[in-house]
file target30.txt (compact mmCIF, C-alpha atoms and all ligand atoms)
# COMPACT_ATOMS: atom_id res chain seq x y z
CA MET A 688 125.19 108.60 92.72
CA ASP A 689 126.31 105.59 90.76
CA ALA A 690 130.08 105.23 90.45
CA ALA A 691 129.60 102.88 87.48
CA ALA A 692 128.22 105.83 85.53
CA ILE A 693 131.42 107.81 86.00
CA LEU A 694 133.38 108.26 82.81
CA VAL A 695 137.18 108.36 82.97
CA ARG A 696 138.78 109.97 79.94
CA PRO A 697 141.74 112.14 78.91
CA ALA A 698 141.22 115.83 79.66
CA ALA A 699 140.82 118.44 76.92
CA MET A 700 141.05 122.22 77.04
CA GLY A 701 137.25 122.48 77.22
CA ASP A 702 137.45 120.83 80.65
CA VAL A 703 139.33 123.74 82.24
CA PRO A 704 136.32 125.17 84.16
CA GLY A 705 135.38 121.75 85.58
CA ILE A 706 138.97 120.86 86.45
CA ARG A 707 139.46 124.21 88.14
CA GLU A 708 136.40 123.64 90.31
CA CYS A 709 137.32 120.07 91.21
CA VAL A 710 140.97 120.80 92.00
CA GLY A 711 139.90 123.87 93.97
CA ALA A 712 137.47 121.82 96.06
CA VAL A 713 140.08 119.21 97.01
CA ALA A 714 142.70 121.91 97.64
CA GLY A 715 140.22 123.77 99.82
CA GLU A 716 140.04 120.81 102.19
CA GLY A 717 143.49 121.96 103.21
CA ARG A 718 144.79 118.52 104.12
CA TYR A 719 146.07 116.70 101.10
CA LEU A 720 147.65 118.93 98.50
CA ALA A 721 150.54 121.38 98.55
CA PHE A 722 148.13 124.21 97.83
CA THR A 723 144.91 125.19 99.58
CA LYS A 724 143.40 127.81 97.30
CA PRO A 725 141.86 127.34 93.86
CA PHE A 726 143.94 128.23 90.83
CA SER A 727 142.57 130.88 88.50
CA PHE A 728 141.04 129.96 85.17
CA ILE A 729 144.17 131.20 83.39
CA GLU A 730 146.53 129.27 85.67
CA THR A 731 144.49 126.10 85.17
CA ALA A 732 144.33 126.59 81.40
CA PHE A 733 148.06 127.27 81.20
CA TYR A 734 148.91 124.22 83.30
CA LEU A 735 146.64 121.92 81.31
CA ALA A 736 147.86 123.28 77.98
CA ARG A 737 151.45 122.59 79.01
CA VAL A 738 150.63 119.03 80.09
CA LEU A 739 148.68 118.22 76.94
CA ASP A 740 151.20 119.89 74.68
CA ALA A 741 153.97 117.75 76.15
CA GLY A 742 151.88 114.58 75.72
CA HIS A 743 151.80 113.89 79.44
CA PRO A 744 148.82 112.12 80.98
CA TYR A 745 145.92 114.11 82.42
CA PHE A 746 142.80 112.07 83.05
CA ILE A 747 139.52 113.22 84.52
CA ALA A 748 136.48 111.46 85.97
CA ILE A 749 133.15 112.89 84.94
CA ASP A 750 129.71 112.51 86.46
CA ASP A 751 127.30 113.66 83.76
CA GLN A 752 128.89 117.06 83.01
CA SER A 753 130.87 117.70 86.21
CA VAL A 754 134.49 116.82 86.84
CA VAL A 755 134.65 114.75 90.04
CA GLY A 756 138.30 113.70 89.94
CA TRP A 757 141.60 114.06 88.13
CA CYS A 758 144.94 112.32 87.85
CA ASP A 759 147.96 113.68 86.05
CA VAL A 760 151.58 112.67 85.74
CA THR A 761 154.04 115.48 85.08
CA PRO A 762 157.84 115.52 84.95
CA ALA A 763 159.80 115.85 88.16
CA ARG A 764 161.77 119.09 88.41
CA GLY A 765 165.19 119.19 86.82
CA ASP A 766 166.17 117.74 83.47
CA VAL A 767 168.20 115.05 85.25
CA HIS A 768 164.84 113.69 86.41
CA ALA A 769 163.10 113.93 83.04
CA HIS A 770 162.44 110.18 83.10
CA VAL A 771 160.55 110.51 86.40
CA GLY A 772 156.87 111.43 86.47
CA VAL A 773 155.13 112.79 89.55
CA LEU A 774 151.54 111.74 90.00
CA GLY A 775 148.95 114.18 91.29
CA MET A 776 145.31 113.32 91.84
CA GLY A 777 142.16 114.00 93.74
CA VAL A 778 138.54 112.91 93.87
CA LEU A 779 135.71 115.03 95.25
CA ARG A 780 134.96 113.97 98.77
CA LYS A 781 131.46 112.68 98.05
CA TRP A 782 132.81 110.34 95.36
CA ARG A 783 135.64 108.79 97.38
CA GLU A 784 135.95 105.12 98.28
CA ARG A 785 133.94 103.94 95.27
CA GLY A 786 136.77 103.01 92.96
CA VAL A 787 136.98 106.31 91.04
CA GLY A 788 140.56 106.95 92.18
CA ARG A 789 141.56 103.44 91.21
CA ARG A 790 140.21 103.93 87.70
CA LEU A 791 141.92 107.30 87.34
CA ILE A 792 145.28 106.07 88.55
CA GLY A 793 145.07 103.01 86.30
CA ALA A 794 144.44 105.11 83.19
CA ALA A 795 147.11 107.66 84.09
CA LEU A 796 149.77 105.07 84.90
CA ASP A 797 149.13 103.15 81.70
CA ALA A 798 149.64 106.36 79.73
CA ALA A 799 152.62 107.35 81.88
CA SER A 800 154.41 104.09 81.18
CA ILE A 801 154.87 105.28 77.61
CA VAL A 802 156.55 108.57 78.55
CA PHE A 803 158.16 107.98 81.94
CA GLU A 804 160.36 105.21 83.29
CA GLN A 805 159.29 105.77 86.84
CA VAL A 806 156.34 107.39 88.58
CA GLU A 807 156.43 108.91 92.04
CA LEU A 808 153.56 109.71 94.35
CA HIS A 809 154.32 112.30 97.01
CA VAL A 810 151.94 112.10 99.95
CA TYR A 811 151.83 113.55 103.42
CA ALA A 812 152.54 110.93 106.06
CA SER A 813 149.08 111.54 107.53
CA ASN A 814 147.34 110.71 104.25
CA ASP A 815 146.55 107.01 104.76
CA ARG A 816 144.23 106.78 101.83
CA ALA A 817 146.64 108.14 99.22
CA GLY A 818 149.52 106.34 100.92
CA ALA A 819 147.80 103.06 100.05
CA LEU A 820 147.63 103.90 96.36
CA PRO A 821 151.03 102.51 95.28
CA GLN A 822 149.69 99.08 96.18
CA ILE A 823 147.24 99.39 93.32
CA ARG A 824 150.00 99.58 90.77
CA LEU A 825 151.86 96.74 92.36
CA ARG A 826 148.73 94.65 92.13
CA ARG A 827 147.97 95.76 88.57
CA ALA A 828 151.41 95.59 87.09
CA GLY A 829 152.86 92.56 85.42
CA PRO A 830 156.45 92.32 84.24
CA SER A 831 157.22 95.33 82.09
CA THR A 832 159.94 96.18 79.63
CA ARG A 833 160.08 99.68 81.11
CA ARG A 834 160.63 100.23 84.76
CA SER A 835 157.48 101.68 86.30
CA GLN A 836 156.99 101.98 89.97
CA ALA A 837 155.14 104.13 92.40
CA ARG A 838 157.30 105.30 95.25
CA ARG A 839 155.99 106.74 98.43
CA ARG A 840 157.78 109.76 99.78
CA VAL A 841 156.93 110.96 103.25
CA ARG A 842 157.37 114.64 103.95
C1 LIG B 901 143.48 109.50 97.26
C2 LIG B 901 142.15 109.56 96.51
C3 LIG B 901 142.37 110.19 95.15
C4 LIG B 901 141.64 108.13 96.33
O1 LIG B 901 140.46 108.19 95.55
P1 LIG B 901 139.24 107.20 95.83
O2 LIG B 901 138.27 107.35 94.70
O3 LIG B 901 138.74 107.40 97.20
O4 LIG B 901 139.99 105.79 95.74
P2 LIG B 901 139.33 104.36 95.49
O5 LIG B 901 137.95 104.26 96.05
O6 LIG B 901 139.48 104.00 94.04
O7 LIG B 901 140.29 103.46 96.35
C5 LIG B 901 141.60 103.24 95.86
C6 LIG B 901 142.47 102.73 96.93
O8 LIG B 901 142.69 103.75 97.89
C7 LIG B 901 142.89 103.14 99.14
N1 LIG B 901 141.84 103.61 100.02
C8 LIG B 901 140.59 104.04 99.68
N2 LIG B 901 139.93 104.41 100.77
C9 LIG B 901 140.77 104.23 101.81
C10 LIG B 901 140.68 104.48 103.22
N3 LIG B 901 139.58 104.96 103.78
N4 LIG B 901 141.76 104.21 104.00
C11 LIG B 901 142.90 103.70 103.45
N5 LIG B 901 143.04 103.45 102.13
C12 LIG B 901 141.99 103.72 101.33
C13 LIG B 901 142.83 101.66 98.94
O9 LIG B 901 144.13 101.20 98.61
C14 LIG B 901 141.96 101.56 97.72
O10 LIG B 901 142.16 100.37 97.04
P3 LIG B 901 141.24 99.09 97.44
O11 LIG B 901 139.82 99.51 97.17
O12 LIG B 901 141.73 98.02 96.55
O13 LIG B 901 141.47 98.83 98.89
C15 LIG B 901 141.08 110.35 97.30
O14 LIG B 901 140.98 109.82 98.58
C16 LIG B 901 141.40 111.84 97.41
O15 LIG B 901 140.99 112.64 96.55
N6 LIG B 901 142.11 112.24 98.48
C17 LIG B 901 142.45 113.66 98.65
C18 LIG B 901 143.53 114.12 97.66
C19 LIG B 901 144.80 113.29 97.80
O16 LIG B 901 145.11 112.75 98.84
N7 LIG B 901 145.55 113.17 96.68
C20 LIG B 901 146.78 112.38 96.67
C21 LIG B 901 147.97 113.20 96.94
S1 LIG B 901 148.61 113.76 95.38
call {"tool": "encode", "arguments": {"input": "target30.txt", "output": "structure tokens"}}
result
Amino acid sequence: MDAAAILVRPAAMGDVPGIRECVGAVAGEGRYLAFTKPFSFIETAFYLARVLDAGHPYFIAIDDQSVVGWCDVTPARGDVHAHVGVLGMGVLRKWRERGVGRRLIGAALDAASIVFEQVELHVYASNDRAGALPQIRLRRAGPSTRRSQARRRVR
């Protein structure tokens, strides 16, 4: 398993089966996401179609043909918060700690800076690994004309 061979690219509707499997696997770990069961094919397709239709970022990491990670940025709830994007991501367990998440978050945040003024990452307080992610942006980001920041919210 060579992480250098992983391709990070924007998702397309043809990726629905792979995304569904990958998101379902991370959800099934029951520790990191707000859901623990896989979404159906239709739910996944509907969600992705809505994201792509709105021009919001949805990036995936691919090993050969399989989706091994994703990162999306979707609007926070409420039109008052339309300028705020919420970042969601996951990498299959066997691919973690090899820089895949860093590549995904970089691509998604670059795309998000065009559509959102601010990006939030909501993580459980026990999630040390994801809690460290905002540092990546702080290290990556130079001065920007648009305000873009990752904010950690503990729940
Ligand atoms: C969070 C997650 C996506 C990170 O993906 P990853 O591919 O392992 O991340 P990377 O290898 O690119 O590492 C990125 C950064 O994460 C942090 N990190 C990685 N492994 C870590 C660990 N064991 N402990 C603490 N921080 C860690 C570091 O800040 C690292 O940057 P660095 O290499 O400069 O130190 C992955 O761990 C995951 O899928 N977790 C479960 C789902 C989840 O927590 N999603 C976020 C909530 S929406």
call {"tool": "closest_residue", "arguments": {"input": "target30.txt", "among": "A:Ala698, A:Val755, A:Ile706, A:Val787", "to": "Val738 in chain A", "atoms": "only C-alpha atoms"}}
result
A:Ala698
call {"tool": "residues_near_ligand", "arguments": {"input": "target30.txt", "ligand": "ligand LIG 901 (chain B)", "cutoff": "9 Å", "atoms": "only C-alpha atoms and all ligand atoms", "output": "ChimeraX atom specification"}}
result
/A:713-714,716,718-721,756-758,773-780,782-792,808-811,814-823,826
call {"tool": "closest_residue", "arguments": {"input": "target30.txt", "among": "A:Glu730, A:Asp759, A:Glu807, A:Asp766", "to": "Arg696 in chain A", "atoms": "only C-alpha atoms"}}
result
A:Asp759
call {"tool": "closest_residue", "arguments": {"input": "target30.txt", "among": "A:Gly742, A:Val806, A:Thr731, A:Lys781", "to": "His768 in chain A", "atoms": "all atoms listed in the file"}}
result
A:Val806
call {"tool": "atom_distance", "arguments": {"input": "target30.txt", "atom1": "CA of Ala763 in chain A", "atom2": "CA of Pro704 in chain A"}}
result
25.6 Å
call {"tool": "atom_distance", "arguments": {"input": "target30.txt", "atom1": "CA of Ile747 in chain A", "atom2": "CA of Ser813 in chain A"}}
result
25.0 Å
call {"tool": "axis_aligned_box", "arguments": {"input": "target30.txt", "around": "range 718-724 of chain A", "padding_each_side": "4 Å", "output": "AutoDock Vina command-line options"}}
result
--center_x 147.0 --center_y 122.3 --center_z 100.7 --size_x 15.1 --size_y 19.1 --size_z 14.8
call {"tool": "atom_distance", "arguments": {"input": "target30.txt", "atom1": "CA of Gln752 in chain A", "atom2": "CA of Ile801 in chain A"}}
result
29.0 Å
call {"tool": "residues_around", "arguments": {"input": "target30.txt", "residues": "Arg707 in chain A", "least_positions_apart": "6", "cutoff": "7 Å", "atoms": "all atoms listed in the file", "output": "NGL selection string"}}
result
:A and (725-726 or 728 or 731)
call {"tool": "residues_around", "arguments": {"input": "target30.txt", "residues": "Ser753 in chain A", "least_positions_apart": "5", "cutoff": "9 Å", "atoms": "all atoms listed in the file", "output": "list in words"}}
result
Gly705, Ile706, Cys709 and Ala748 of chain A
call {"tool": "write_last_selection", "arguments": {"input": "target30.txt", "atoms": "C-alpha atoms", "output": "JSON list (two decimals), in the frame of the given file"}}
result
[["chain", "number", "residue", "atom", "x", "y", "z"],
["A", 705, "GLY", "CA", 135.38, 121.75, 85.58],
["A", 706, "ILE", "CA", 138.97, 120.86, 86.45],
["A", 709, "CYS", "CA", 137.32, 120.07, 91.21],
["A", 748, "ALA", "CA", 136.48, 111.46, 85.97]]
